[in-house]
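Student: The structure file protein.pdb (PDB, C-alpha atoms) is provided below.
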ATOM      1  CA  MET Q1266      17.912  67.010 224.244
ATOM      2  CA  LYS Q1267      15.185  65.231 222.339
ATOM      3  CA  PRO Q1268      14.650  61.774 223.793
ATOM      4  CA  PHE Q1269      14.949  58.662 221.594
ATOM      5  CA  ARG Q1270      11.664  57.352 220.343
ATOM      6  CA  ALA Q1271      11.176  53.624 219.747
ATOM      7  CA  ARG Q1272      10.320  52.966 216.060
ATOM      8  CA  SER Q1273       7.399  50.721 215.407
ATOM      9  CA  ALA Q1274       7.195  48.197 212.508
ATOM     10  CA  ALA Q1275       4.580  50.357 210.855
ATOM     11  CA  ALA Q1276       6.855  53.396 211.006
ATOM     12  CA  LEU Q1277       9.732  51.396 209.426
ATOM     13  CA  TYR Q1278       7.408  50.130 206.677
ATOM     14  CA  GLU Q1279       6.429  53.666 205.855
ATOM     15  CA  ALA Q1280      10.009  54.939 205.840
ATOM     16  CA  HIS Q1281      10.677  55.879 202.202
ATOM     17  CA  HIS Q1282      13.660  57.897 201.187
ATOM     18  CA  GLY Q1283      12.981  59.043 197.622
ATOM     19  CA  PRO Q1284      11.121  57.309 194.766
ATOM     20  CA  ASN Q1285      11.198  53.517 194.395
ATOM     21  CA  MET Q1286      13.434  52.812 191.379
ATOM     22  CA  THR Q1287      13.065  49.017 191.356
ATOM     23  CA  PRO Q1288      10.051  48.676 188.973
ATOM     24  CA  MET Q1289      11.573  51.179 186.552
ATOM     25  CA  VAL Q1290      14.928  49.371 186.499
ATOM     26  CA  ASP Q1291      13.098  46.052 185.970
ATOM     27  CA  VAL Q1292      11.108  47.345 183.023
ATOM     28  CA  VAL Q1293      14.048  49.171 181.406
ATOM     29  CA  MET Q1294      16.202  46.032 181.683
ATOM     30  CA  VAL Q1295      13.514  43.831 180.134
ATOM     31  CA  ILE Q1296      13.062  46.291 177.237
ATOM     32  CA  LEU Q1297      16.839  46.495 176.722
ATOM     33  CA  ILE Q1298      17.233  42.711 176.628
ATOM     34  CA  PHE Q1299      14.179  42.368 174.360
ATOM     35  CA  PHE Q1300      15.671  44.701 171.753
ATOM     36  CA  MET Q1301      19.058  42.980 172.002
ATOM     37  CA  ALA Q1302      17.377  39.604 171.451
ATOM     38  CA  SER Q1303      15.227  40.766 168.551
ATOM     39  CA  ALA Q1304      18.272  42.324 166.851
ATOM     40  CA  ALA Q1305      20.248  39.102 167.346
ATOM     41  CA  ILE Q1306      17.447  36.874 166.020
ATOM     42  CA  LEU Q1307      16.530  38.983 163.005
ATOM     43  CA  GLY Q1308      20.187  39.354 162.069
ATOM     44  CA  PRO Q1309      21.589  41.527 159.328
ATOM     45  CA  GLU Q1310      20.412  39.244 156.508
ATOM     46  CA  TRP Q1311      17.205  38.528 154.668
ATOM     47  CA  PHE Q1312      16.333  36.764 151.456
ATOM     48  CA  LEU Q1313      14.535  37.040 148.137
ATOM     49  CA  LYS Q1314      12.607  34.012 146.976
ATOM     50  CA  SER Q1315      13.203  32.723 143.472
ATOM     51  CA  ALA Q1316      11.312  29.877 141.828
ATOM     52  CA  LEU Q1317      13.166  27.146 139.933
ATOM     53  CA  PRO Q1318      10.851  26.377 137.020
ATOM     54  CA  VAL Q1319      11.212  23.093 135.171
ATOM     55  CA  VAL Q1320       9.875  22.117 131.786
ATOM     56  CA  ALA Q1321       7.154  19.543 132.277
ATOM     57  CA  PRO Q1322       6.296  18.053 128.855
ATOM     58  CA  THR Q1323       3.430  15.883 130.120
ATOM     59  CA  THR Q1324       1.202  18.667 131.444
ATOM     60  CA  THR Q1325      -1.234  20.437 129.171
ATOM     61  CA  PRO Q1326      -0.575  24.166 128.808
ATOM     62  CA  PRO Q1327      -3.047  26.453 130.608
ATOM     63  CA  THR Q1328      -5.715  28.130 128.492
ATOM     64  CA  ASP Q1329      -4.865  31.663 129.655
ATOM     65  CA  PRO Q1330      -1.187  31.626 130.665
ATOM     66  CA  PRO Q1331       0.275  34.717 132.363
ATOM     67  CA  ALA Q1332       2.599  36.943 130.343
ATOM     68  CA  ARG Q1333       6.203  35.798 130.673
ATOM     69  CA  LEU Q1334       8.654  38.685 130.939
ATOM     70  CA  ARG Q1335      12.114  37.345 130.184
ATOM     71  CA  ILE Q1336      15.082  39.306 131.492
ATOM     72  CA  VAL Q1337      18.323  38.077 129.980
ATOM     73  CA  LEU Q1338      21.244  39.433 132.000
ATOM     74  CA  ASP Q1339      24.587  40.012 130.300
ATOM     75  CA  ALA Q1340      27.953  41.125 131.639
ATOM     76  CA  GLY Q1341      28.481  44.837 132.240
ATOM     77  CA  ASP Q1342      25.090  46.022 133.520
ATOM     78  CA  VAL Q1343      23.263  45.285 130.289
ATOM     79  CA  ALA Q1344      20.039  43.324 130.066
ATOM     80  CA  ARG Q1345      17.827  42.122 127.242
ATOM     81  CA  VAL Q1346      14.108  42.138 127.893
ATOM     82  CA  ALA Q1347      11.354  40.378 125.953
ATOM     83  CA  LEU Q1348       7.780  39.263 126.438
ATOM     84  CA  ASP Q1349       7.085  35.555 125.909
ATOM     85  CA  ASP Q1350       9.019  34.194 122.925
ATOM     86  CA  ALA Q1351       9.862  37.521 121.259
ATOM     87  CA  GLU Q1352      13.467  38.387 120.479
ATOM     88  CA  PRO Q1353      14.984  40.108 123.572
ATOM     89  CA  LEU Q1354      15.942  43.751 123.046
ATOM     90  CA  PRO Q1355      18.920  45.299 124.879
ATOM     91  CA  VAL Q1356      18.097  47.656 127.760
ATOM     92  CA  PRO Q1357      20.448  49.260 130.316
ATOM     93  CA  LEU Q1358      20.110  47.425 133.629
ATOM     94  CA  PHE Q1359      18.889  50.505 135.510
ATOM     95  CA  GLN Q1360      15.860  50.757 133.183
ATOM     96  CA  VAL Q1361      14.699  47.220 133.984
ATOM     97  CA  GLU Q1362      13.002  48.344 137.222
ATOM     98  CA  ALA Q1363      10.797  50.843 135.357
ATOM     99  CA  ARG Q1364       9.912  48.162 132.787
ATOM    100  CA  LEU Q1365       8.945  45.729 135.570
ATOM    101  CA  ARG Q1366       6.654  48.298 137.198
ATOM    102  CA  ASP Q1367       5.171  49.160 133.800
ATOM    103  CA  GLU Q1368       4.338  45.510 133.020
ATOM    104  CA  LEU Q1369       2.963  44.964 136.536
ATOM    105  CA  ALA Q1370       0.641  47.978 136.180
ATOM    106  CA  ARG Q1371      -0.554  46.644 132.825
ATOM    107  CA  ARG Q1372      -1.096  42.987 133.754
ATOM    108  CA  GLY Q1373      -1.359  42.776 137.553
ATOM    109  CA  ALA Q1374       0.566  40.439 139.864
ATOM    110  CA  GLU Q1375      -1.404  37.368 138.775
ATOM    111  CA  GLY Q1376      -0.951  37.967 135.070
ATOM    112  CA  LEU Q1377       2.816  38.391 135.065
ATOM    113  CA  VAL Q1378       5.679  35.937 135.460
ATOM    114  CA  VAL Q1379       9.235  37.266 135.507
ATOM    115  CA  LEU Q1380      11.881  34.854 134.321
ATOM    116  CA  VAL Q1381      15.460  35.895 135.048
ATOM    117  CA  GLU Q1382      17.861  34.337 132.529
ATOM    118  CA  PRO Q1383      21.427  35.271 133.434
ATOM    119  CA  THR Q1384      24.208  34.435 131.001
ATOM    120  CA  PRO Q1385      27.307  32.836 132.603
ATOM    121  CA  ASN Q1386      29.215  36.145 132.545
ATOM    122  CA  ALA Q1387      26.436  38.120 134.250
ATOM    123  CA  PRO Q1388      27.336  39.231 137.784
ATOM    124  CA  TYR Q1389      25.457  37.416 140.545
ATOM    125  CA  ASP Q1390      24.856  40.840 142.091
ATOM    126  CA  ALA Q1391      22.697  41.791 139.077
ATOM    127  CA  VAL Q1392      20.579  38.645 139.566
ATOM    128  CA  VAL Q1393      19.872  39.676 143.160
ATOM    129  CA  ARG Q1394      19.203  43.247 142.019
ATOM    130  CA  VAL Q1395      16.461  42.129 139.596
ATOM    131  CA  HIS Q1396      14.895  39.988 142.348
ATOM    132  CA  GLU Q1397      15.021  42.997 144.676
ATOM    133  CA  TRP Q1398      13.214  45.184 142.133
ATOM    134  CA  CYS Q1399      10.544  42.507 141.646
ATOM    135  CA  ALA Q1400      10.022  42.182 145.411
ATOM    136  CA  ALA Q1401       9.849  45.962 145.829
ATOM    137  CA  ALA Q1402       7.314  46.264 142.993
ATOM    138  CA  GLY Q1403       5.158  43.447 144.382
ATOM    139  CA  ILE Q1404       5.779  40.835 141.677
ATOM    140  CA  THR Q1405       5.411  37.450 143.355
ATOM    141  CA  LYS Q1406       6.080  35.102 140.438
ATOM    142  CA  VAL Q1407       9.813  35.376 139.868
ATOM    143  CA  GLY Q1408      11.861  32.498 138.568
ATOM    144  CA  LEU Q1409      15.445  31.703 137.771
ATOM    145  CA  ALA Q1410      15.736  30.029 134.387
ATOM    146  CA  GLY Q1411      18.042  27.091 133.864
ATOM    147  CA  GLN Q1412      20.956  27.000 131.466
ATOM    148  CA  ARG Q1413      19.701  26.572 127.934
ATOM    149  CA  PRO Q1414      21.195  23.561 126.186
TER
ATOM    150  CA  MET G 929      -5.951  48.440 225.828
ATOM    151  CA  ARG G 930      -5.690  50.143 222.400
ATOM    152  CA  LEU G 931      -3.979  47.979 219.801
ATOM    153  CA  ARG G 932      -1.826  49.578 217.109
ATOM    154  CA  THR G 933      -3.240  48.760 213.672
ATOM    155  CA  PHE G 934      -0.976  47.882 210.717
ATOM    156  CA  HIS G 935      -2.090  49.001 207.238
ATOM    157  CA  PRO G 936      -0.183  47.238 204.482
ATOM    158  CA  HIS G 937      -0.153  48.759 200.953
ATOM    159  CA  GLN G 938      -1.371  45.546 199.389
ATOM    160  CA  PRO G 939      -4.788  44.360 200.449
ATOM    161  CA  ALA G 940      -4.657  40.854 201.897
ATOM    162  CA  GLY G 941      -5.624  38.003 199.563
ATOM    163  CA  LYS G 942      -4.100  39.394 196.331
ATOM    164  CA  VAL G 943      -0.825  38.073 194.949
ATOM    165  CA  ASN G 944       1.518  40.513 193.244
ATOM    166  CA  VAL G 945       2.464  38.759 189.983
ATOM    167  CA  THR G 946       4.620  41.579 188.562
ATOM    168  CA  PRO G 947       7.990  40.215 189.827
ATOM    169  CA  LEU G 948       7.025  36.752 188.572
ATOM    170  CA  ILE G 949       6.276  38.085 185.076
ATOM    171  CA  ASP G 950       9.528  40.065 185.123
ATOM    172  CA  VAL G 951      11.612  37.044 186.014
ATOM    173  CA  VAL G 952       9.829  34.693 183.571
ATOM    174  CA  MET G 953      10.248  37.185 180.726
ATOM    175  CA  VAL G 954      13.947  37.618 181.469
ATOM    176  CA  LEU G 955      14.342  33.818 181.469
ATOM    177  CA  ILE G 956      12.498  33.482 178.129
ATOM    178  CA  ILE G 957      14.677  36.135 176.515
ATOM    179  CA  PHE G 958      17.809  34.547 178.029
ATOM    180  CA  TYR G 959      16.968  31.171 176.491
ATOM    181  CA  LEU G 960      16.125  32.835 173.156
ATOM    182  CA  ILE G 961      19.591  34.401 173.095
ATOM    183  CA  VAL G 962      21.323  31.192 174.192
ATOM    184  CA  GLY G 963      19.427  29.189 171.547
ATOM    185  CA  ASN G 964      20.407  31.678 168.906
ATOM    186  CA  LEU G 965      24.081  31.674 169.904
ATOM    187  CA  ALA G 966      24.208  27.878 170.045
ATOM    188  CA  ARG G 967      23.751  27.586 166.269
ATOM    189  CA  ALA G 968      26.783  26.968 164.082
ATOM    190  CA  PRO G 969      28.274  30.278 162.996
ATOM    191  CA  LEU G 970      27.889  31.029 159.294
ATOM    192  CA  PRO G 971      30.990  31.582 157.178
ATOM    193  CA  LYS G 972      31.730  35.158 156.228
ATOM    194  CA  VAL G 973      30.333  35.837 152.766
ATOM    195  CA  ALA G 974      30.351  39.256 151.077
ATOM    196  CA  LEU G 975      26.632  39.202 150.320
ATOM    197  CA  PRO G 976      24.900  41.487 147.862
ATOM    198  CA  SER G 977      22.681  44.057 149.554
ATOM    199  CA  SER G 978      18.953  44.475 149.132
ATOM    200  CA  GLY G 979      16.502  47.086 150.326
ATOM    201  CA  THR G 980      13.645  44.574 150.439
ATOM    202  CA  GLY G 981      13.397  40.992 151.556
ATOM    203  CA  VAL G 982      11.836  38.552 153.977
ATOM    204  CA  ALA G 983      13.328  37.175 157.176
ATOM    205  CA  GLU G 984      12.524  33.610 158.159
ATOM    206  CA  GLU G 985      13.822  31.158 160.684
ATOM    207  CA  ASP G 986      12.751  27.683 159.575
ATOM    208  CA  THR G 987      15.526  26.984 157.132
ATOM    209  CA  ALA G 988      16.403  23.437 156.118
ATOM    210  CA  VAL G 989      19.782  23.933 154.410
ATOM    211  CA  ILE G 990      22.045  26.958 154.003
ATOM    212  CA  LEU G 991      24.326  26.775 150.967
ATOM    213  CA  ASN G 992      27.318  29.083 151.388
ATOM    214  CA  VAL G 993      29.095  29.820 148.111
ATOM    215  CA  LEU G 994      32.533  31.322 148.611
ATOM    216  CA  PRO G 995      34.870  32.507 145.879
ATOM    217  CA  ALA G 996      38.052  30.458 145.465
ATOM    218  CA  PRO G 997      40.827  30.385 142.817
ATOM    219  CA  GLY G 998      39.841  27.014 141.343
ATOM    220  CA  GLY G 999      36.103  27.656 141.284
ATOM    221  CA  PRO G1000      33.670  28.504 144.070
ATOM    222  CA  ARG G1001      33.537  26.437 147.251
ATOM    223  CA  VAL G1002      30.199  25.236 148.605
ATOM    224  CA  VAL G1003      30.038  24.998 152.390
ATOM    225  CA  ILE G1004      27.090  23.441 154.258
ATOM    226  CA  ASP G1005      27.164  23.509 158.079
ATOM    227  CA  GLY G1006      30.910  24.150 158.046
ATOM    228  CA  ILE G1007      31.686  21.212 155.733
ATOM    229  CA  GLU G1008      32.847  21.707 152.160
ATOM    230  CA  VAL G1009      30.758  19.821 149.606
ATOM    231  CA  ALA G1010      31.535  19.064 145.962
ATOM    232  CA  VAL G1011      28.919  20.419 143.534
ATOM    233  CA  GLU G1012      28.541  16.916 141.984
ATOM    234  CA  ASP G1013      27.482  15.525 145.380
ATOM    235  CA  LEU G1014      25.018  18.324 146.052
ATOM    236  CA  PRO G1015      21.822  16.830 144.489
ATOM    237  CA  ALA G1016      22.222  13.548 146.411
ATOM    238  CA  LEU G1017      23.006  15.398 149.628
ATOM    239  CA  LEU G1018      19.983  17.685 149.275
ATOM    240  CA  LYS G1019      17.709  14.731 148.522
ATOM    241  CA  ALA G1020      19.011  12.944 151.623
ATOM    242  CA  ARG G1021      18.659  15.987 153.887
ATOM    243  CA  LEU G1022      15.233  17.155 152.740
ATOM    244  CA  HIS G1023      12.080  15.139 153.375
ATOM    245  CA  ASP G1024       9.993  17.184 150.958
ATOM    246  CA  PRO G1025      12.275  19.029 148.511
ATOM    247  CA  ALA G1026       9.326  20.695 146.736
ATOM    248  CA  SER G1027       8.439  22.755 149.806
ATOM    249  CA  ALA G1028      11.867  22.926 151.462
ATOM    250  CA  SER G1029      13.441  26.234 152.336
ATOM    251  CA  VAL G1030      17.006  26.355 151.049
ATOM    252  CA  LEU G1031      19.044  29.538 151.399
ATOM    253  CA  LEU G1032      21.723  30.444 148.862
ATOM    254  CA  ARG G1033      24.373  32.674 150.452
ATOM    255  CA  ALA G1034      26.562  33.481 147.485
ATOM    256  CA  ASP G1035      29.327  36.060 147.275
ATOM    257  CA  ARG G1036      28.417  39.181 145.306
ATOM    258  CA  SER G1037      31.715  39.145 143.406
ATOM    259  CA  LEU G1038      30.882  35.844 141.699
ATOM    260  CA  ALA G1039      29.682  35.601 138.121
ATOM    261  CA  PHE G1040      26.408  33.762 137.633
ATOM    262  CA  GLY G1041      28.255  31.084 135.656
ATOM    263  CA  GLU G1042      29.952  30.069 138.924
ATOM    264  CA  VAL G1043      26.686  29.982 140.885
ATOM    265  CA  SER G1044      24.547  28.299 138.205
ATOM    266  CA  PRO G1045      25.890  24.720 138.781
ATOM    267  CA  ILE G1046      24.657  25.035 142.375
ATOM    268  CA  VAL G1047      21.262  26.343 141.225
ATOM    269  CA  GLU G1048      21.041  23.466 138.736
ATOM    270  CA  ALA G1049      21.930  20.978 141.498
ATOM    271  CA  CYS G1050      19.014  22.375 143.543
ATOM    272  CA  ARG G1051      16.723  21.980 140.540
ATOM    273  CA  GLU G1052      17.960  18.414 140.049
ATOM    274  CA  ALA G1053      17.275  17.641 143.730
ATOM    275  CA  GLY G1054      13.627  18.540 143.180
ATOM    276  CA  LEU G1055      13.559  21.985 144.765
ATOM    277  CA  THR G1056      10.933  24.333 143.383
ATOM    278  CA  SER G1057      12.540  27.487 144.785
ATOM    279  CA  VAL G1058      15.698  28.861 146.364
ATOM    280  CA  LYS G1059      16.077  31.902 148.576
ATOM    281  CA  LEU G1060      18.812  34.323 147.593
ATOM    282  CA  VAL G1061      20.291  35.772 150.778
ATOM    283  CA  ALA G1062      21.158  39.464 150.800
ATOM    284  CA  ARG G1063      22.468  41.897 153.354
ATOM    285  CA  ARG G1064      19.853  44.309 154.695
ATOM    286  CA  GLY G1065      20.381  47.716 153.243
ATOM    287  CA  GLY G1066      19.766  49.922 150.256
ATOM    288  CA  THR G1067      21.049  49.356 146.760
ATOM    289  CA  PRO G1068      24.693  50.503 146.605
TER
END
Could you rewrite the structure in this file as structure tokens?
Tutor:
Amino acid sequence: MKPFRARSAAALYEAHHGPNMTPMVDVVMVILIFFMASAAILGPEWFLKSALPVVAPTTTPPTDPPARLRIVLDAGDVARVALDDAEPLPVPLFQVEARLRDELARRGAEGLVVLVEPTPNAPYDAVVRVHEWCAAAGITKVGLAGQRP
Amino acid sequence: MRLRTFHPHQPAGKVNVTPLIDVVMVLIIFYLIVGNLARAPLPKVALPSSGTGVAEEDTAVILNVLPAPGGPRVVIDGIEVAVEDLPALLKARLHDPASASVLLRADRSLAFGEVSPIVEACREAGLTSVKLVARRGGTP
């Protein structure tokens, strides 16, 4: 029979039975909690910024104003589009995105202002849709016009 | 007499900071989650969806616009507010309305005619912009 051998402290310190899982569990847990936290903070919502322009009669008009693309939204996925003070022409709503990109390519982000003018019967969803198209195209100057008297 | 020598893995004089960093990071994330959960829950609004947008945290006021039979209801921090009182309330709540960040969480089933009095109230309060809240996702 093999006699018992007294274990030293050094021998106990060296006694490993398989790989050490503790650092891996630590790191995996931190990563898991980090992704849970980032998902909770970001949330399922985001926003589209829209300016609220006001008519300021006291200011002098700029010498080289940017082109103002007016998008009048009507009920039933129909829009009317016009540049500056021209008479708006009817366009199906799905064609507005192409028109926005066309005007942006022609004038650049600094030279174009998009003014969304929804009529009272226009769906709010269409207003957000136009803002989404502007944001996707890279148009930064987007405003929501007030109700005309 | 021959002394038994002990060879530790870690050389003497160096402090292992890995467990400290682990614990501190877990605590930070814990407080982030707790801080996020402590905010007042937002009312359920059927938001329109958008494939693009910006996410931001420093929001001054969140206007929730819910559809109702007699006209839309405006809810701010769980309290219903009349549209007529909205400009005064916004002026009182915002120190600098021109640069304030106000979120408009309106239901996608509403017509713009129902949302426009709220937009006009924001304009009257001196806001230069509103942020239209949308659900993350592609165009339906």
Student: Enumerate, as JSON, numbers by chain, the residues matched when the ChimeraX specification (/Q :<8) & /G is run on the file above.
Tutor: {"G": [934, 935, 950, 953, 954, 957, 960, 961, 964, 976, 978, 979, 980, 981, 982, 983, 984, 1031, 1035, 1036, 1037, 1038, 1039, 1040, 1041, 1042, 1043, 1044, 1048, 1051, 1055, 1056, 1057, 1058, 1059, 1060, 1061, 1062, 1063, 1064, 1067]}
Student: Just to be explicit: take each residue in the selection above, keep C-alpha atoms, and write the result as a compact mmCIF listing (two decimals), keeping the file's coordinate frame.
Tutor:
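Output contents, as saved in part.txt:
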# COMPACT_ATOMS: atom_id res chain seq x y z
CA PHE G 934 -0.98 47.88 210.72
CA HIS G 935 -2.09 49.00 207.24
CA ASP G 950 9.53 40.06 185.12
CA MET G 953 10.25 37.18 180.73
CA VAL G 954 13.95 37.62 181.47
CA ILE G 957 14.68 36.14 176.52
CA LEU G 960 16.12 32.84 173.16
CA ILE G 961 19.59 34.40 173.10
CA ASN G 964 20.41 31.68 168.91
CA PRO G 976 24.90 41.49 147.86
CA SER G 978 18.95 44.48 149.13
CA GLY G 979 16.50 47.09 150.33
CA THR G 980 13.64 44.57 150.44
CA GLY G 981 13.40 40.99 151.56
CA VAL G 982 11.84 38.55 153.98
CA ALA G 983 13.33 37.17 157.18
CA GLU G 984 12.52 33.61 158.16
CA LEU G 1031 19.04 29.54 151.40
CA ASP G 1035 29.33 36.06 147.28
CA ARG G 1036 28.42 39.18 145.31
CA SER G 1037 31.72 39.15 143.41
CA LEU G 1038 30.88 35.84 141.70
CA ALA G 1039 29.68 35.60 138.12
CA PHE G 1040 26.41 33.76 137.63
CA GLY G 1041 28.26 31.08 135.66
CA GLU G 1042 29.95 30.07 138.92
CA VAL G 1043 26.69 29.98 140.88
CA SER G 1044 24.55 28.30 138.21
CA GLU G 1048 21.04 23.47 138.74
CA ARG G 1051 16.72 21.98 140.54
CA LEU G 1055 13.56 21.98 144.76
CA THR G 1056 10.93 24.33 143.38
CA SER G 1057 12.54 27.49 144.78
CA VAL G 1058 15.70 28.86 146.36
CA LYS G 1059 16.08 31.90 148.58
CA LEU G 1060 18.81 34.32 147.59
CA VAL G 1061 20.29 35.77 150.78
CA ALA G 1062 21.16 39.46 150.80
CA ARG G 1063 22.47 41.90 153.35
CA ARG G 1064 19.85 44.31 154.70
CA THR G 1067 21.05 49.36 146.76
Student: Evaluate the PyMOL selection byres ((chain Q and resi 1363-1372) around 9) here and jot the selected residues down as an NGL selection string.
Tutor: :Q and (1331-1332 or 1334 or 1346 or 1359-1362 or 1373-1377 or 1379 or 1398-1399 or 1402-1404)
Student: Give me, please, the distance in Å between atom CA of G:Ser1027 and atom CA of G:Asp1013, quoted to one decimal.
Tutor: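 We find that atom CA of G:Ser1027 and atom CA of G:Asp1013 lie 20.8 Å from each other.
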Student: In terms of the shortest atom-to-atom distance over all atoms listed in the file, which of G:Ala1053, G:Asn992, G:Val945, G:Pro997 is closest to G:Ala1026?
Tutor: G:Ala1053
Student: Need to verify the contact set: G:Val993, 7 Å, only C-alpha atoms, exclusion of same-chain residues closer than 5 positions in sequence. Can you return it as a list in words?
Tutor: Pro1000, Arg1001, Val1002, Val1003, Arg1033, Ala1034 and Asp1035 of chain G
Student: Have a look at atom CA of Q:Leu1348 and atom CA of Q:Ile1336 and let me know their distance in Å, one decimal.
Tutor: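 Taking atom CA of Q:Leu1348 as the start and atom CA of Q:Ile1336 as the end point, the length is 8.9 Å.
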Student: How many Å separate atom CA of Q:Pro1355 from atom CA of Q:Val1343?
Tutor: 6.9 Å
Student: Using all atoms listed in the file, can you tell me which of G:Ser977, G:Leu1022, G:Pro971, G:Thr987 comes closest to G:Asp1005?
Tutor: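 Among the listed residues, the smallest separation from G:Asp1005 belongs to G:Pro971.
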